[in-house]
Amino acid sequence: MKLIQSFSVDHTRIIPGIFTSRVDYLGEYSVTTYDIRLKRPNIEPVIDVAAMHSLEHIIATYLRNDSPLKDDIVYWGPMGCLTGFYLILKGNRSSKELYDLIFSAFKYAKEAIEVPGATKVNCGNYLMHNLDMAKYYANEYVNYLEANKDNELIFEYPKTDRLVTESGKHFFDS
């Protein structure tokens, strides 16, 4: 079975940042998936599940209602590994072009006074939220982005070396 693109990222070298994960072309249109990484995989503790859920609600609400790209938002949601989020947008922008959007979204989250849609009617697990921890992680990420805005590494995915076997298959796929 072929290894999917997100598994070709070297998770031993990735740092928090804003990365282009993949670009898909749908006829004349394109959609781009971005990796919004908050934690170093397998090194830092992952984001608390309830806080992750709250960040999902808060930032999705901001992106779809108040962001300058609100009409291009396709999806905002957590990674299964709990180290970050995926953002899917119409079009194809560089990771650097998303810096202001992501910075603003997390700044909005760190100042939130409630979790939107955290009711039994609106949420599939309305009891699993933690606004205080969500604000903690948002503040941590805002500070990190601010301190690293000129660091090219927060915009460049570290790829694994894909060894090719004698039969022409990639090592991971053989």
# chains A, B, ... in the order shown; residues from 1 in each chain; ligands from 1
>>> residues_around(residues="stretch 35-42 of chain A", least_positions_apart="3", cutoff="6 Å", atoms="only C-alpha atoms", output="ChimeraX atom specification")
/A:15-19,21,83-86
>>> residues_around(residues="stretch 108-115 of chain A", least_positions_apart="3", cutoff="8 Å", atoms="only C-alpha atoms", output="PDB file with N, CA, C and O atoms, in the first residue's frame")
ATOM      1  N   SER A  54     -11.964  22.658  22.236  1.00  0.00           N
ATOM      2  CA  SER A  54     -12.335  24.070  22.383  1.00  0.00           C
ATOM      3  C   SER A  54     -11.643  24.931  21.338  1.00  0.00           C
ATOM      4  O   SER A  54     -12.275  25.819  20.744  1.00  0.00           O
ATOM      5  N   LEU A  55     -10.355  24.688  21.096  1.00  0.00           N
ATOM      6  CA  LEU A  55      -9.646  25.431  20.049  1.00  0.00           C
ATOM      7  C   LEU A  55     -10.283  25.197  18.678  1.00  0.00           C
ATOM      8  O   LEU A  55     -10.388  26.122  17.863  1.00  0.00           O
ATOM      9  N   HIS A  57     -13.458  24.623  18.027  1.00  0.00           N
ATOM     10  CA  HIS A  57     -14.678  25.435  17.965  1.00  0.00           C
ATOM     11  C   HIS A  57     -14.364  26.928  17.810  1.00  0.00           C
ATOM     12  O   HIS A  57     -14.956  27.609  16.964  1.00  0.00           O
ATOM     13  N   ILE A  58     -13.469  27.425  18.635  1.00  0.00           N
ATOM     14  CA  ILE A  58     -13.161  28.858  18.648  1.00  0.00           C
ATOM     15  C   ILE A  58     -12.554  29.303  17.323  1.00  0.00           C
ATOM     16  O   ILE A  58     -12.986  30.291  16.711  1.00  0.00           O
ATOM     17  N   ILE A  59     -11.536  28.572  16.860  1.00  0.00           N
ATOM     18  CA  ILE A  59     -10.828  28.991  15.651  1.00  0.00           C
ATOM     19  C   ILE A  59     -11.674  28.755  14.404  1.00  0.00           C
ATOM     20  O   ILE A  59     -11.675  29.589  13.486  1.00  0.00           O
ATOM     21  N   TYR A  62     -13.954  31.684  14.227  1.00  0.00           N
ATOM     22  CA  TYR A  62     -13.227  32.873  13.763  1.00  0.00           C
ATOM     23  C   TYR A  62     -12.962  32.794  12.251  1.00  0.00           C
ATOM     24  O   TYR A  62     -13.236  33.737  11.508  1.00  0.00           O
ATOM     25  N   SER A 104      -3.577  35.682  13.775  1.00  0.00           N
ATOM     26  CA  SER A 104      -4.817  36.344  14.196  1.00  0.00           C
ATOM     27  C   SER A 104      -5.809  35.357  14.793  1.00  0.00           C
ATOM     28  O   SER A 104      -6.493  35.672  15.776  1.00  0.00           O
ATOM     29  N   ALA A 105      -5.903  34.171  14.212  1.00  0.00           N
ATOM     30  CA  ALA A 105      -6.846  33.159  14.714  1.00  0.00           C
ATOM     31  C   ALA A 105      -6.486  32.724  16.130  1.00  0.00           C
ATOM     32  O   ALA A 105      -7.364  32.608  17.002  1.00  0.00           O
ATOM     33  N   ALA A 118     -20.804  25.266  22.200  1.00  0.00           N
ATOM     34  CA  ALA A 118     -20.533  24.239  23.222  1.00  0.00           C
ATOM     35  C   ALA A 118     -21.799  23.920  24.020  1.00  0.00           C
ATOM     36  O   ALA A 118     -21.808  23.972  25.242  1.00  0.00           O
ATOM     37  N   HIS A 129     -14.920  20.257  26.896  1.00  0.00           N
ATOM     38  CA  HIS A 129     -14.299  21.527  26.526  1.00  0.00           C
ATOM     39  C   HIS A 129     -13.507  22.035  27.722  1.00  0.00           C
ATOM     40  O   HIS A 129     -13.842  21.750  28.868  1.00  0.00           O
ATOM     41  N   LEU A 131     -11.899  25.783  28.165  1.00  0.00           N
ATOM     42  CA  LEU A 131     -11.559  27.115  27.656  1.00  0.00           C
ATOM     43  C   LEU A 131     -10.245  27.628  28.222  1.00  0.00           C
ATOM     44  O   LEU A 131      -9.419  28.172  27.484  1.00  0.00           O
ATOM     45  N   ALA A 134      -7.425  25.907  26.510  1.00  0.00           N
ATOM     46  CA  ALA A 134      -7.386  26.336  25.107  1.00  0.00           C
ATOM     47  C   ALA A 134      -6.695  27.691  24.999  1.00  0.00           C
ATOM     48  O   ALA A 134      -5.856  27.902  24.120  1.00  0.00           O
ATOM     49  N   LYS A 135      -7.027  28.589  25.898  1.00  0.00           N
ATOM     50  CA  LYS A 135      -6.409  29.916  25.899  1.00  0.00           C
ATOM     51  C   LYS A 135      -4.913  29.819  26.220  1.00  0.00           C
ATOM     52  O   LYS A 135      -4.101  30.556  25.657  1.00  0.00           O
ATOM     53  N   TYR A 136      -4.552  28.905  27.102  1.00  0.00           N
ATOM     54  CA  TYR A 136      -3.146  28.683  27.433  1.00  0.00           C
ATOM     55  C   TYR A 136      -2.367  28.267  26.178  1.00  0.00           C
ATOM     56  O   TYR A 136      -1.314  28.827  25.861  1.00  0.00           O
ATOM     57  N   TYR A 137      -2.885  27.253  25.452  1.00  0.00           N
ATOM     58  CA  TYR A 137      -2.207  26.779  24.241  1.00  0.00           C
ATOM     59  C   TYR A 137      -2.190  27.856  23.156  1.00  0.00           C
ATOM     60  O   TYR A 137      -1.196  27.999  22.434  1.00  0.00           O
ATOM     61  N   ALA A 138      -3.278  28.597  23.024  1.00  0.00           N
ATOM     62  CA  ALA A 138      -3.336  29.668  22.026  1.00  0.00           C
ATOM     63  C   ALA A 138      -2.287  30.728  22.336  1.00  0.00           C
ATOM     64  O   ALA A 138      -1.570  31.190  21.435  1.00  0.00           O
ATOM     65  N   ASN A 139      -2.166  31.118  23.595  1.00  0.00           N
ATOM     66  CA  ASN A 139      -1.174  32.108  24.004  1.00  0.00           C
ATOM     67  C   ASN A 139       0.245  31.589  23.740  1.00  0.00           C
ATOM     68  O   ASN A 139       1.100  32.323  23.228  1.00  0.00           O
TER      69      ASN A 139
END
>>> residues_around(residues="A:Val49", least_positions_apart="2", cutoff="9 Å", atoms="only C-alpha atoms", output="list in words")
Val46, Ile47, Ala51, Met52, His53, Ser54, Leu82, Met128, His129 and Asn130 of chain A
>>> select_by_dssp(residues="chain A", states="helix (DSSP H, G or I)", output="PyMOL selection string")
chain A and resi 5-8+49-65+70-72+96-110+131-148+152-155+171-173
>>> select_by_dssp(residues="chain A", states="strand (DSSP E)", output="short mmCIF file (atom, residue, chain, number, x, y, z; two decimals) with N, CA, C and O atoms, in the first residue's frame")
data_model
loop_
_atom_site.label_atom_id
_atom_site.label_comp_id
_atom_site.auth_asym_id
_atom_site.auth_seq_id
_atom_site.Cartn_x
_atom_site.Cartn_y
_atom_site.Cartn_z
N GLY A 17 4.85 25.11 13.51
CA GLY A 17 4.89 26.02 12.39
C GLY A 17 3.64 25.93 11.54
O GLY A 17 2.62 25.36 11.94
N ILE A 18 3.75 26.48 10.33
CA ILE A 18 2.67 26.54 9.36
C ILE A 18 3.21 25.94 8.07
O ILE A 18 4.10 26.53 7.45
N PHE A 19 2.71 24.78 7.67
CA PHE A 19 3.29 24.04 6.55
C PHE A 19 2.24 23.69 5.51
O PHE A 19 1.09 23.41 5.85
N THR A 20 2.64 23.68 4.24
CA THR A 20 1.77 23.17 3.19
C THR A 20 1.91 21.66 3.21
O THR A 20 3.00 21.12 3.02
N SER A 21 0.79 20.98 3.43
CA SER A 21 0.80 19.53 3.49
C SER A 21 0.59 18.92 2.10
O SER A 21 1.29 18.02 1.70
N ARG A 22 -0.40 19.45 1.37
CA ARG A 22 -0.67 18.93 0.03
C ARG A 22 -1.54 19.91 -0.74
O ARG A 22 -2.28 20.69 -0.15
N VAL A 23 -1.46 19.82 -2.06
CA VAL A 23 -2.31 20.60 -2.95
C VAL A 23 -3.04 19.62 -3.84
O VAL A 23 -2.42 18.74 -4.44
N ASP A 24 -4.36 19.74 -3.89
CA ASP A 24 -5.17 18.87 -4.74
C ASP A 24 -5.84 19.73 -5.80
O ASP A 24 -6.35 20.82 -5.51
N TYR A 25 -5.86 19.23 -7.03
CA TYR A 25 -6.47 19.95 -8.14
C TYR A 25 -7.76 19.26 -8.52
O TYR A 25 -7.80 18.06 -8.75
N LEU A 26 -8.83 20.05 -8.54
CA LEU A 26 -10.16 19.56 -8.89
C LEU A 26 -10.61 20.30 -10.14
O LEU A 26 -11.29 21.31 -10.06
N TYR A 29 -9.95 24.14 -10.35
CA TYR A 29 -9.83 24.63 -8.97
C TYR A 29 -8.79 23.83 -8.19
O TYR A 29 -8.51 22.69 -8.51
N SER A 30 -8.25 24.45 -7.16
CA SER A 30 -7.34 23.73 -6.28
C SER A 30 -7.75 23.97 -4.83
O SER A 30 -8.37 24.98 -4.51
N VAL A 31 -7.44 23.00 -4.00
CA VAL A 31 -7.60 23.14 -2.55
C VAL A 31 -6.27 22.74 -1.93
O VAL A 31 -5.60 21.82 -2.41
N THR A 32 -5.89 23.45 -0.89
CA THR A 32 -4.61 23.19 -0.24
C THR A 32 -4.85 22.84 1.21
O THR A 32 -5.62 23.50 1.91
N THR A 33 -4.18 21.79 1.66
CA THR A 33 -4.23 21.37 3.05
C THR A 33 -2.96 21.87 3.73
O THR A 33 -1.85 21.64 3.25
N TYR A 34 -3.17 22.56 4.85
CA TYR A 34 -2.06 23.10 5.64
C TYR A 34 -1.98 22.38 6.98
O TYR A 34 -2.99 22.05 7.58
N ASP A 35 -0.78 22.16 7.43
CA ASP A 35 -0.47 21.56 8.73
C ASP A 35 -0.14 22.73 9.65
O ASP A 35 0.86 23.41 9.47
N ILE A 36 -1.00 22.96 10.63
CA ILE A 36 -0.78 24.01 11.61
C ILE A 36 -0.30 23.30 12.88
O ILE A 36 -1.09 22.81 13.67
N ARG A 37 1.01 23.20 13.02
CA ARG A 37 1.61 22.36 14.06
C ARG A 37 1.92 23.19 15.29
O ARG A 37 2.66 24.16 15.22
N ILE A 73 -12.46 29.14 3.29
CA ILE A 73 -12.28 28.09 4.29
C ILE A 73 -13.10 26.87 3.88
O ILE A 73 -14.30 26.95 3.67
N VAL A 74 -12.43 25.72 3.79
CA VAL A 74 -13.12 24.46 3.52
C VAL A 74 -13.24 23.66 4.82
O VAL A 74 -14.29 23.10 5.11
N TYR A 75 -12.15 23.64 5.61
CA TYR A 75 -12.15 22.79 6.81
C TYR A 75 -11.10 23.28 7.79
O TYR A 75 -10.02 23.71 7.40
N TRP A 76 -11.42 23.18 9.08
CA TRP A 76 -10.48 23.38 10.18
C TRP A 76 -10.75 22.28 11.18
O TRP A 76 -11.87 22.13 11.67
N GLY A 77 -9.75 21.47 11.50
CA GLY A 77 -9.97 20.41 12.47
C GLY A 77 -8.68 19.85 13.02
O GLY A 77 -7.60 20.06 12.47
N PRO A 78 -8.79 19.12 14.13
CA PRO A 78 -7.61 18.61 14.82
C PRO A 78 -6.97 17.42 14.13
O PRO A 78 -7.63 16.64 13.47
N GLY A 84 -1.52 19.27 16.48
CA GLY A 84 -1.86 20.43 15.66
C GLY A 84 -3.19 20.27 14.97
O GLY A 84 -4.00 19.40 15.32
N PHE A 85 -3.39 21.10 13.94
CA PHE A 85 -4.64 21.14 13.20
C PHE A 85 -4.38 21.09 11.71
O PHE A 85 -3.29 21.42 11.25
N TYR A 86 -5.41 20.70 10.97
CA TYR A 86 -5.39 20.82 9.52
C TYR A 86 -6.32 21.95 9.12
O TYR A 86 -7.43 22.08 9.66
N LEU A 87 -5.86 22.76 8.19
CA LEU A 87 -6.66 23.81 7.58
C LEU A 87 -6.69 23.53 6.09
O LEU A 87 -5.64 23.35 5.47
N ILE A 88 -7.89 23.47 5.53
CA ILE A 88 -8.03 23.28 4.08
C ILE A 88 -8.68 24.54 3.52
O ILE A 88 -9.72 24.98 4.00
N LEU A 89 -8.01 25.11 2.52
CA LEU A 89 -8.47 26.34 1.88
C LEU A 89 -8.63 26.14 0.37
O LEU A 89 -7.87 25.39 -0.24
N LYS A 90 -9.58 26.86 -0.19
CA LYS A 90 -9.66 26.95 -1.65
C LYS A 90 -8.42 27.71 -2.12
O LYS A 90 -7.97 28.65 -1.47
#
>>> atom_distance(atom1="atom CA of A:Ser95", atom2="atom CA of A:Leu153")
10.9 Å
>>> atom_distance(atom1="atom CA of A:His11", atom2="atom CA of A:Ile43")
9.8 Å
>>> decode(residues="stretch 72-130 of chain A", atoms="C-alpha atoms", output="CSV table (one decimal), in the first residue's frame")
chain,number,residue,atom,x,y,z
A,72,ASP,CA,-12.1,30.2,1.1
A,73,ILE,CA,-12.3,28.1,4.3
A,74,VAL,CA,-13.1,24.5,3.5
A,75,TYR,CA,-12.2,22.8,6.8
A,76,TRP,CA,-10.5,23.4,10.2
A,77,GLY,CA,-10.0,20.4,12.5
A,78,PRO,CA,-7.6,18.6,14.8
A,79,MET,CA,-4.9,16.1,13.9
A,80,GLY,CA,-5.5,12.7,15.4
A,81,CYS,CA,-2.1,12.8,17.0
A,82,LEU,CA,-3.2,16.0,18.9
A,83,THR,CA,-0.1,18.0,18.0
A,84,GLY,CA,-1.9,20.4,15.7
A,85,PHE,CA,-4.6,21.1,13.2
A,86,TYR,CA,-5.4,20.8,9.5
A,87,LEU,CA,-6.7,23.8,7.6
A,88,ILE,CA,-8.0,23.3,4.1
A,89,LEU,CA,-8.5,26.3,1.9
A,90,LYS,CA,-9.7,27.0,-1.7
A,91,GLY,CA,-6.7,28.0,-3.8
A,92,ASN,CA,-3.0,27.6,-3.3
A,93,ARG,CA,-1.2,30.0,-1.0
A,94,SER,CA,2.3,29.6,0.4
A,95,SER,CA,2.6,28.8,4.1
A,96,LYS,CA,4.2,32.2,4.7
A,97,GLU,CA,1.1,33.9,3.2
A,98,LEU,CA,-1.0,32.3,6.0
A,99,TYR,CA,1.1,33.6,8.8
A,100,ASP,CA,-1.1,36.6,9.5
A,101,LEU,CA,-4.3,34.5,9.3
A,102,ILE,CA,-3.0,31.9,11.7
A,103,PHE,CA,-1.5,34.4,14.1
A,104,SER,CA,-4.8,36.3,14.2
A,105,ALA,CA,-6.8,33.2,14.7
A,106,PHE,CA,-4.8,32.1,17.7
A,107,LYS,CA,-4.7,35.6,19.1
A,108,TYR,CA,-8.5,35.6,18.9
A,109,ALA,CA,-8.6,32.2,20.7
A,110,LYS,CA,-6.3,33.4,23.5
A,111,GLU,CA,-8.8,36.2,24.2
A,112,ALA,CA,-12.0,34.1,23.9
A,113,ILE,CA,-14.5,34.4,26.7
A,114,GLU,CA,-16.6,31.4,25.7
A,115,VAL,CA,-16.5,28.4,23.4
A,116,PRO,CA,-19.0,28.9,20.6
A,117,GLY,CA,-21.3,26.0,20.0
A,118,ALA,CA,-20.5,24.2,23.2
A,119,THR,CA,-24.1,23.2,23.9
A,120,LYS,CA,-25.9,19.9,23.8
A,121,VAL,CA,-27.8,21.0,20.8
A,122,ASN,CA,-24.7,22.2,18.8
A,123,CYS,CA,-21.9,19.8,19.8
A,124,GLY,CA,-21.5,16.1,19.7
A,125,ASN,CA,-19.5,16.1,23.0
A,126,TYR,CA,-20.5,19.4,24.6
A,127,LEU,CA,-19.1,18.4,28.0
A,128,MET,CA,-15.6,17.9,26.6
A,129,HIS,CA,-14.3,21.5,26.5
A,130,ASN,CA,-11.6,23.4,28.4
